[in-house]
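The structure appears below as C-alpha cells.
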Amino acid sequence: MTYNFVTLADIEQARRRLEGKVVRTPAVQSVALSERLGVPVFLKLEHRQTTGSFKLRGATNALGNLKAAEKQRGVVAASTGNHGRALAYAAGLEGIHAVICMSSLVPHNKVEEIRRLGAEIRIIGRSQDDAQEEVDRLVRDSGLTMVPPFDNAAIIAGQGTLGLEIVEDVPDADTVLVPVSGGGLASGVSAAIKGLRASTTIIGVSMNRGAAMRASLDAGKPVAVPESESLADSLGGGIGLDNRLTFAMVRDLVDDVILLSESEIAAGMSHAYAQEREVIEGAAAVGIGALLAGKVQAKGTVVVILSGRNVDMDQHRHIVCATNQSERTAPCPA
Ligand SMILES: *Cc1c(COP(=O)(O)O)cnc(C)c1O
C-alpha cells in the first residue's frame with residue numbers, strides 16, 4: 001500500500017522520541033473473555049498510561065516535533081478531556097508553557113485537574129466554540145502553536161506507537177479492536193499494525209450517540225452529527241468538516257467501524273471491573289462491550305485496546321452496581 005499520510009517510519013521515529021517519556025503498557029490475556037469467545041483475547045492496558053489515557057503519546061510526540069522558537073512561545077488547545085490533560089502534563093515535563101481554553105460550563109473538578117497538571121487555564125464564554133475562538137486568537141496574536149487532538153501527523157504517529165507495542169507483544173494478533181472518535185488512535189494503530197502485519201483486521205468501535213466517523217464513512221466525506229451525552233464521553237465531538245488526515249486513513253486502513261448502545265458500553269465497563277479488576281472509562285470499554293454483545297466475528301487472536309480510565313468514580317460505582325443488579329439484593333448507591 002502506498003501511503004502519503006503517516007507511515008510506519010514516522011511511527012518508529014515517534015517511538016524513539018517517546019522513549020522514557022511514556023509508559024510501555026502491558027498486553028495481558030483475559031481468561032474470562034478467552035473462555036467466553038473460544039479464542040485468545042488480550043487486553044492492551046493503555047488506561048494505565050500516565051495521565052490515564054493514550055493521549056500522552058500523541059501530545060509528547062507533537063511537542064517533540066516543535067522548533068525551538070515554537071517551544072519558547074508555548075502551545076494551546078481547547079480540550080477539557082484527556083487531550084487537555086495529556087498536553088498539560090507533557091508540556092510541563094518539557095518546560096513548555098501550555099494554555100488550555102475552556103468554557104465556563106466545564107465542571108470545576110475538571111478545570112482543577114488540568115490546572116494541577118501544570119497548564120494555564122483560560123475560561124472563555126459558554127461553549128466549546130467560544131473556547132476554540134480564544135485558541136485561534138492566541139495562535140494569531142501571541143504566536144502560540146495549537147496542538148489538535150487527532151487530525152495532525154505528529155499526534156497520529158505518537159498514538160501509533162501503541163500499535164508497534166501490540167505487534168511486539170502479541171505477534172499473532174489477527175483482530176485488533178480500537179475505540180474511535182476523531183480517529184487519531186485508529187489511524188496511528190492501523191498504520192503501525194498493517195505496516196508490519198498486513199493481514200491483521202482492525203475494527204473501530206464507537207457509540208450510537210453521535211458517531212461522526214461512522215456517519216462520515218457512510219457519506220463518503222466528513223460530516224457533522226448531532227451530539228448527545230454518552231457514557232463514552234471521550235468519544236464525543238466531530239471529526240472536523242475540513243478533516244485532512246484521519247478520515248482518509250480510517251477509510252483506507254480500518255476494516256470496519258461498529259457502534260454500541262449505552263447498555264453495551266456499560267456492560268464493557270462492568271466486565272472490566274468485575275472480571276478483569278480494571279477501572280476504565282466508557283470510551284475504553286467499547287472493545288470489550290463489542291465482544292460481549294457478539295458484534296465482532298472473533299477469529300484467531302484478538303487484542304482489545306483499553307484506552308483510558310478518566311471516569312468519575314461515583315458514576316463508575318453506579319454503573320458497575322446497576323449492571324450487576326440482578327445478582328444482588330441491596331440497592332445501588334445513587
Ligand atoms: C480520545 C480518546 C479516544 C478516541 O481517540 P480518537 O483519536 O479521537 O479516535 C478513545 N478513548 C479515550 C479514552 C480517549 O481519550
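Following the order of the C-alpha cells, chains are lettered A, B, ..., residues in each are numbered from 1, and ligands are numbered from 1.
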
What residues of the protein or nucleic acid chains come within 9 Å of ligand 1 when you use only C-alpha atoms and all ligand atoms? Reply as a count of residues only. 50

Any idea what's packed within 10 Å of region 24-37 of chain A, counting only C-alpha atoms, ignoring anything in its chain fewer than 4 positions away? Could you give it as a PyMOL selection string? chain A and resi 18-20+41-50+54+161-162+165-166+168-170+271-272+275-276+288+291-292+294+297-299+301-306

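Shortest separation to Leu8 (chain A) among A:Gly92, A:Gly143, A:Gly195, A:Pro171 occurs at residue A:Gly195, atoms counted being only C-alpha atoms.
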
Ala154 (chain A): which residues within 10 Å, counting only C-alpha atoms, same-chain residues fewer than 4 positions away excluded, as number ranges by chain? A: 6, 10-11, 14, 57-66, 147-148, 150, 158-160, 184, 188

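Minimum atom-to-atom distances from A:Gly84, A:Thr51, A:Lys221, A:Leu260 to Arg244 (chain A) were compared using only C-alpha atoms, and the lowest value belongs to A:Lys221.
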
Give the strand (DSSP E or B) residues of region 95-232 of chain A, as assigned by DSSP on the backbone, as a PyMOL selection string. chain A and resi 98-102+120-123+145-146+173-179+201-207

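For the pair CA of Asn109 (chain A) and CA of Asn152 (chain A), the interatomic distance is 28.5 Å.
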
Which residues come within 12 Å of Val139 (chain A), counting only C-alpha atoms, excluding same-chain residues fewer than 6 positions away, as a ChimeraX atom specification? /A:70,73-78,99,132-133,145-147

Do you know which residues are at most 8 Å from Gly240 (chain A) counting only C-alpha atoms, after dropping those on the same chain fewer than 2 positions away, and could you put them as an NGL selection string? :A and (222-224 or 238 or 242-243)

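If you look at CA of Thr7 (chain A) and CA of Leu259 (chain A), they are 27.4 Å away from each other.
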
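Here CA of Val250 (chain A) and CA of Gln13 (chain A) stand 21.2 Å from one another.
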
Can you check which residues of region 67-100 of chain A DSSP gives as alpha helix (DSSP H) on the backbone and send them as a PyMOL selection string? chain A and resi 68-73+82-94

So, counting only C-alpha atoms, which residue among A:Lys295, A:His108, A:Lys21, A:Arg317 is closest to Ile123 (chain A)? A:His108
